[in-house]
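For reference, the structure is listed below as structure tokens.
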Amino acid sequence: MYFPVVLLSLLVLIPLAADALDNGLALKPTMGWLHWERFMCNIDCDKDPNNCISESLYMQMADVMVKEGWKEAGYEYVCIDDCWPSYQRDAKGRLQADPKRFPGGIKKLADYVHSKGLKLGIYADVGKNTCAGYPGSLGYYETDAQTFADWGVDLLKFDGCNMDWKLLGEGYVNMSKALNQTGASILYSCEWPLYEWQFRQPNYTAIRETCNHWRNYADVYDSWNSVKSILDWTASHQDIIVPSAGPGGWNDPDMLVIGNFGLSHDQQESQMALWAIMAAPLLMSNDLRDICPRSKDLLQNRRIIAISQDPLGRQGYRTAKVDSFEVWERPLYKNQLAIAVLNKQEIGGPRGFFISVAPGWKICSPQCNVTQILPQFKEIGVQTLNSKVVVSVNPSGTALLTVTPINRVPTGSHKLHWQDTPVKHNMPFLK
Ligand code: GLA
């Protein structure tokens, strides 16, 4: 079998151009749970008390996160999305939670979540109203930042609906300053570039200085088409967005929808693998109270999480399109490399891929050690540049591997330089 590698463009990853938001947070991609994709704006607690947006939903998720190993796996933030507030601000102009659905208020909820060793996220909007029509923060940035700090909130997702796009940047920067001025540690999750792309190319240097992560593209849905469109958008803009990611600031391709209804298990594996390659925040939106064991094992897979949380903090990118396969690669700490091979042919059965075709395989000179993580864990072992190892990938599934270079120890020296010095792989982007 021979696969022609299609080289489409030759762009070299440039080093980080900007400093991250200096709040000491999100040094690794954020991990947690966020209500939106699964629970949306379900506010009917009379008809659907178990699934409506209410304090008990977050308390139950926090309980399960501790009991079912999520916290231990690294998932830390329990995040509220839209539809939590009352339609009116209080007499002092502060946001307040809907009294019927959050009888204890957000402070009590934050205390509860903290008592479980977890953190609480909340949602607001840079404009006049949130996307679902609740009060926005425009004109209230300092008040709202202080309110969130007083409540003990640990993360703010700041949406960009109902705002003059020319004022977006100013709004996001002012809220960042307001959060900082409270002195509280509040991770700042933005949607600034998503709303700005509709008009012009955003300034990622400014975004990285302002936010801990930022959404670039449309909302994720519970479907393979949605996940694919996010991957396509990311790959086709990788030369612009990848250099801006690193400890303290990350591109956010939106929530993990693993454990819901729309993705086959292979597609769930693809989302998990590619979100780890993209150094994406791992914010699950699913029902942790009722999730199938295979999805749970996948979301808690320590080897995939280790790629996501790799200390080098570089975002991966697509490096090749070969015979309806896509190869994505992420440089890891100590010169290692993660390789994901996505089978985009949605007809037929499993197909074989010569893993040495991956552009990053060149680190296997003279030798490398290869571990397969998906679809099954397997030590593939020591390989060379010309290895003929074939990985089998199901339609819309992904094979995920890590490759560790084995360098010759120079005669007379026992110092393995490659173990301590991250080396740039300079892999070409292929669109
Ligand atoms: C926008 C955001 C979503 C979600 C909804 C809530 O669409 O992109 O992630 O927060 O608003 O209304």
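Naming scheme: A, B, ... for chains in displayed order of the structure tokens; residues 1 onward per chain; ligands 1 onward as shown.
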
*asked:* Need to verify the contact set: Gly360 (chain A), 12 Å, only C-alpha atoms, exclusion of same-chain residues closer than 5 positions in sequence. Can you return it as a PyMOL selection string?
replied: chain A and resi 316-320+327-332+335-340+355+365+368+385+401-405+424-429

*Write out as a PyMOL selection string all residues of region 106-219 of chain A that DSSP puts in strand (DSSP E) for this structure's backbone.*
chain A and resi 119-125+155-159+187-190+213-215

*Measure the distance from CA of Pro293 (chain A) to CA of Glu269 (chain A) in Å and round it to one decimal.*
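Taking CA of Pro293 (chain A) as the start and CA of Glu269 (chain A) as the end point, the length is 13.5 Å.
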
How close does chain A get to ligand 1? List, as CSV, each residue of chain A within 9 Å, its nearest atom pair and the distance in Å to one decimal, counting only C-alpha atoms and all ligand atoms.
```
residue,atom,partner,partner_atom_place_in_ligand_line,distance
A:His35,CA,ligand 1,10 (O),9.0
A:Trp36,CA,ligand 1,4 (C),5.9
A:Glu37,CA,ligand 1,9 (O),7.5
A:Met40,CA,ligand 1,6 (C),7.1
A:Cys41,CA,ligand 1,12 (O),7.3
A:Asp81,CA,ligand 1,10 (O),5.6
A:Asp82,CA,ligand 1,6 (C),4.7
A:Cys83,CA,ligand 1,12 (O),7.3
A:Tyr123,CA,ligand 1,10 (O),7.5
A:Ala124,CA,ligand 1,10 (O),8.7
A:Asp125,CA,ligand 1,11 (O),8.9
A:Thr130,CA,ligand 1,12 (O),6.4
A:Cys131,CA,ligand 1,12 (O),4.2
A:Ala132,CA,ligand 1,12 (O),4.6
A:Gly133,CA,ligand 1,12 (O),8.0
A:Lys157,CA,ligand 1,10 (O),7.8
A:Phe158,CA,ligand 1,10 (O),8.3
A:Asp159,CA,ligand 1,2 (C),6.2
A:Gly160,CA,ligand 1,1 (C),7.7
A:Cys161,CA,ligand 1,1 (C),7.3
A:Glu191,CA,ligand 1,8 (O),7.0
A:Leu194,CA,ligand 1,8 (O),8.2
A:Arg215,CA,ligand 1,8 (O),7.7
A:Tyr217,CA,ligand 1,8 (O),8.4
A:Ala218,CA,ligand 1,8 (O),6.7
A:Asp219,CA,ligand 1,8 (O),5.2
A:Val220,CA,ligand 1,9 (O),7.8
A:Asp254,CA,ligand 1,9 (O),7.2
A:Met255,CA,ligand 1,9 (O),8.2
```

_I'd like the neighbourhood of region 134-142 of chain A as number ranges by chain, where a residue qualifies if any of its atoms comes within 6 Å (using only C-alpha atoms), though same-chain residues fewer than 6 positions away should be ignored._
A: 87, 125-128, 175, 178

_Report as an NGL selection string all protein, DNA and RNA residues lying within 12 Å of region 342-345 of chain A, evaluated on only C-alpha atoms, omitting residues in the same chain fewer than 6 positions from it._
:A and (224-225 or 228 or 231-232 or 266-274 or 277 or 318-329 or 351-353 or 355 or 358 or 374-375 or 391-401)

Go ahead and write the selection's residues with C-alpha atoms as a PDB file, in the first residue's frame.
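This went into part_35.pdb:
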```
ATOM      1  CA  TRP A 224     -20.653  14.392  13.944  1.00  0.00           C
ATOM      2  CA  ASN A 225     -21.218  17.103  11.324  1.00  0.00           C
ATOM      3  CA  LYS A 228     -16.222  17.833  11.815  1.00  0.00           C
ATOM      4  CA  LEU A 231     -12.108  20.497  13.088  1.00  0.00           C
ATOM      5  CA  ASP A 232     -12.228  21.843   9.530  1.00  0.00           C
ATOM      6  CA  ASP A 266     -15.790   5.961  17.203  1.00  0.00           C
ATOM      7  CA  GLN A 267     -16.850   9.583  16.741  1.00  0.00           C
ATOM      8  CA  GLN A 268     -16.662  10.139  20.504  1.00  0.00           C
ATOM      9  CA  GLU A 269     -13.106   8.777  20.437  1.00  0.00           C
ATOM     10  CA  SER A 270     -12.327  11.178  17.596  1.00  0.00           C
ATOM     11  CA  GLN A 271     -13.630  14.150  19.559  1.00  0.00           C
ATOM     12  CA  MET A 272     -11.651  13.185  22.665  1.00  0.00           C
ATOM     13  CA  ALA A 273      -8.433  12.545  20.734  1.00  0.00           C
ATOM     14  CA  LEU A 274      -8.627  15.696  18.627  1.00  0.00           C
ATOM     15  CA  ILE A 277      -4.366  17.284  20.233  1.00  0.00           C
ATOM     16  CA  ARG A 318      -3.260  19.095  11.059  1.00  0.00           C
ATOM     17  CA  THR A 319      -0.162  17.987   9.195  1.00  0.00           C
ATOM     18  CA  ALA A 320      -1.469  15.866   6.325  1.00  0.00           C
ATOM     19  CA  LYS A 321      -4.497  14.813   4.341  1.00  0.00           C
ATOM     20  CA  VAL A 322      -3.851  11.434   2.810  1.00  0.00           C
ATOM     21  CA  ASP A 323      -6.360   9.212   1.034  1.00  0.00           C
ATOM     22  CA  SER A 324      -9.319  10.440   3.145  1.00  0.00           C
ATOM     23  CA  PHE A 325      -7.273  10.222   6.325  1.00  0.00           C
ATOM     24  CA  GLU A 326      -6.296  13.323   8.269  1.00  0.00           C
ATOM     25  CA  VAL A 327      -3.124  13.330  10.336  1.00  0.00           C
ATOM     26  CA  TRP A 328      -2.964  15.682  13.298  1.00  0.00           C
ATOM     27  CA  GLU A 329       0.121  16.052  15.484  1.00  0.00           C
ATOM     28  CA  ARG A 351      -8.939   0.953   6.909  1.00  0.00           C
ATOM     29  CA  GLY A 352      -5.218   0.574   7.478  1.00  0.00           C
ATOM     30  CA  PHE A 353      -2.826   3.523   7.630  1.00  0.00           C
ATOM     31  CA  ILE A 355       1.844   5.323  10.523  1.00  0.00           C
ATOM     32  CA  ALA A 358       2.759  10.872   9.328  1.00  0.00           C
ATOM     33  CA  LEU A 374      -6.868   4.618  20.739  1.00  0.00           C
ATOM     34  CA  PRO A 375      -8.793   2.654  19.620  1.00  0.00           C
ATOM     35  CA  VAL A 391      -2.870   1.156  12.353  1.00  0.00           C
ATOM     36  CA  SER A 392      -6.470   0.209  11.684  1.00  0.00           C
ATOM     37  CA  VAL A 393      -9.009   3.040  11.901  1.00  0.00           C
ATOM     38  CA  ASN A 394     -12.803   2.701  11.762  1.00  0.00           C
ATOM     39  CA  PRO A 395     -14.861   5.097   9.622  1.00  0.00           C
ATOM     40  CA  SER A 396     -15.038   8.453  11.472  1.00  0.00           C
ATOM     41  CA  GLY A 397     -12.821   6.990  14.186  1.00  0.00           C
ATOM     42  CA  THR A 398      -9.318   8.003  15.217  1.00  0.00           C
ATOM     43  CA  ALA A 399      -6.116   6.169  16.066  1.00  0.00           C
ATOM     44  CA  LEU A 400      -4.134   8.043  18.696  1.00  0.00           C
ATOM     45  CA  LEU A 401      -0.469   7.324  19.366  1.00  0.00           C
TER      46      LEU A 401
END
```

*Could you tell me how far CA of Trp33 (chain A) lies from CA of Cys79 (chain A), in Å and to one decimal?*
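Going from CA of Trp33 (chain A) over to CA of Cys79 (chain A), I get 5.8 Å.
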
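Each of A:Cys45, A:Ala149, A:Ile406, A:Leu167 was checked against Ser185 (chain A) using only C-alpha atoms; the smallest atom-to-atom distance is that of A:Ala149.
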
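With distances restricted to only C-alpha atoms, A:Ala245 is the closest residue to Leu312 (chain A) from A:Ala206, A:Ile347, A:Ala245, A:Leu298.
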
*With distances taken over only C-alpha atoms, which of A:Leu120, A:Val341, A:Val78, A:Cys190 is nearest to Val64 (chain A)?*
A:Val78

*A:Tyr112, A:Phe377, A:Tyr333, A:Trp361: which is nearest Ser56 (chain A), counting only C-alpha atoms?*
A:Tyr112

*Using DSSP on the backbone, list every residue of region 250-288 of chain A that comes out as helix (DSSP H, G or I), and give them as a PyMOL selection string.*
chain A and resi 265-277

Residues just named, written with N, CA and C atoms as a compact mmCIF listing (two decimals), in the first residue's frame:
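Below is the file result.txt, written as the result:
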```
# COMPACT_ATOMS: atom_id res chain seq x y z
N HIS A 265 -19.58 5.64 19.03
CA HIS A 265 -18.43 5.57 19.93
C HIS A 265 -17.14 5.96 19.21
N ASP A 266 -16.99 5.56 17.96
CA ASP A 266 -15.79 5.96 17.20
C ASP A 266 -15.70 7.48 17.10
N GLN A 267 -16.84 8.12 16.87
CA GLN A 267 -16.85 9.58 16.74
C GLN A 267 -16.53 10.24 18.09
N GLN A 268 -17.00 9.63 19.17
CA GLN A 268 -16.66 10.14 20.50
C GLN A 268 -15.15 10.04 20.73
N GLU A 269 -14.56 8.92 20.30
CA GLU A 269 -13.11 8.78 20.44
C GLU A 269 -12.39 9.84 19.61
N SER A 270 -12.94 10.14 18.43
CA SER A 270 -12.33 11.18 17.60
C SER A 270 -12.39 12.53 18.30
N GLN A 271 -13.56 12.85 18.89
CA GLN A 271 -13.63 14.15 19.56
C GLN A 271 -12.62 14.23 20.71
N MET A 272 -12.56 13.18 21.50
CA MET A 272 -11.65 13.19 22.66
C MET A 272 -10.19 13.32 22.21
N ALA A 273 -9.82 12.53 21.21
CA ALA A 273 -8.43 12.55 20.73
C ALA A 273 -8.07 13.91 20.15
N LEU A 274 -8.96 14.44 19.31
CA LEU A 274 -8.63 15.70 18.63
C LEU A 274 -8.68 16.89 19.58
N TRP A 275 -9.57 16.85 20.58
CA TRP A 275 -9.60 17.95 21.57
C TRP A 275 -8.30 17.93 22.39
N ALA A 276 -7.77 16.72 22.65
CA ALA A 276 -6.48 16.64 23.35
C ALA A 276 -5.36 17.16 22.46
N ILE A 277 -5.39 16.80 21.18
CA ILE A 277 -4.37 17.28 20.23
C ILE A 277 -4.43 18.81 20.13
```

*Compare A:Arg294, A:Lys166, A:Arg94, A:Lys119 by their minimum atom-to-atom distance to Ile186 (chain A), counting only C-alpha atoms, and give me the closest one.*
A:Lys119

*Would you mind listing what lies within 8 Å of Lys107 (chain A) as an MDAnalysis selection string, with only C-alpha atoms counted and same-chain residues fewer than 6 positions away left out?*
chainID A and resid 150:153

Write the residues of the preceding selection, restricted to N, CA, C and O atoms, as a PDB file, in the first residue's frame.
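Output (result_31.pdb):
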```
ATOM      1  N   ASP A 150     -17.539  38.458  44.991  1.00  0.00           N
ATOM      2  CA  ASP A 150     -18.175  38.349  46.315  1.00  0.00           C
ATOM      3  C   ASP A 150     -18.834  36.980  46.494  1.00  0.00           C
ATOM      4  O   ASP A 150     -18.869  36.443  47.596  1.00  0.00           O
ATOM      5  N   TRP A 151     -19.349  36.453  45.431  1.00  0.00           N
ATOM      6  CA  TRP A 151     -20.003  35.138  45.509  1.00  0.00           C
ATOM      7  C   TRP A 151     -18.985  33.980  45.586  1.00  0.00           C
ATOM      8  O   TRP A 151     -19.362  32.838  45.851  1.00  0.00           O
ATOM      9  N   GLY A 152     -17.736  34.274  45.258  1.00  0.00           N
ATOM     10  CA  GLY A 152     -16.717  33.216  45.269  1.00  0.00           C
ATOM     11  C   GLY A 152     -16.672  32.413  43.980  1.00  0.00           C
ATOM     12  O   GLY A 152     -16.200  31.271  43.955  1.00  0.00           O
ATOM     13  N   VAL A 153     -17.134  33.033  42.889  1.00  0.00           N
ATOM     14  CA  VAL A 153     -17.110  32.355  41.586  1.00  0.00           C
ATOM     15  C   VAL A 153     -15.665  32.233  41.085  1.00  0.00           C
ATOM     16  O   VAL A 153     -14.839  33.120  41.305  1.00  0.00           O
TER      17      VAL A 153
END
```

Could you name the residues that touch Tyr188 (chain A) at 6 Å or less, counting only C-alpha atoms, but leaving out those on the same chain fewer than 4 positions away, as a PDB file with N, CA, C and O atoms, in the first residue's frame?
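And here's out.pdb as it stands now:
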```pdb
ATOM      1  N   LEU A 155     -14.790  31.088  37.713  1.00  0.00           N
ATOM      2  CA  LEU A 155     -14.626  31.180  36.245  1.00  0.00           C
ATOM      3  C   LEU A 155     -15.781  31.991  35.698  1.00  0.00           C
ATOM      4  O   LEU A 155     -16.922  31.841  36.159  1.00  0.00           O
ATOM      5  N   LEU A 156     -15.489  32.833  34.726  1.00  0.00           N
ATOM      6  CA  LEU A 156     -16.554  33.562  34.033  1.00  0.00           C
ATOM      7  C   LEU A 156     -16.490  33.248  32.547  1.00  0.00           C
ATOM      8  O   LEU A 156     -15.474  33.492  31.893  1.00  0.00           O
ATOM      9  N   CYS A 211      -7.671  37.137  27.832  1.00  0.00           N
ATOM     10  CA  CYS A 211      -8.533  36.001  28.183  1.00  0.00           C
ATOM     11  C   CYS A 211      -7.709  34.745  28.476  1.00  0.00           C
ATOM     12  O   CYS A 211      -6.609  34.593  27.950  1.00  0.00           O
ATOM     13  N   ASN A 212      -8.295  33.825  29.244  1.00  0.00           N
ATOM     14  CA  ASN A 212      -7.647  32.533  29.493  1.00  0.00           C
ATOM     15  C   ASN A 212      -8.009  31.478  28.447  1.00  0.00           C
ATOM     16  O   ASN A 212      -7.271  30.528  28.250  1.00  0.00           O
TER      17      ASN A 212
END
```
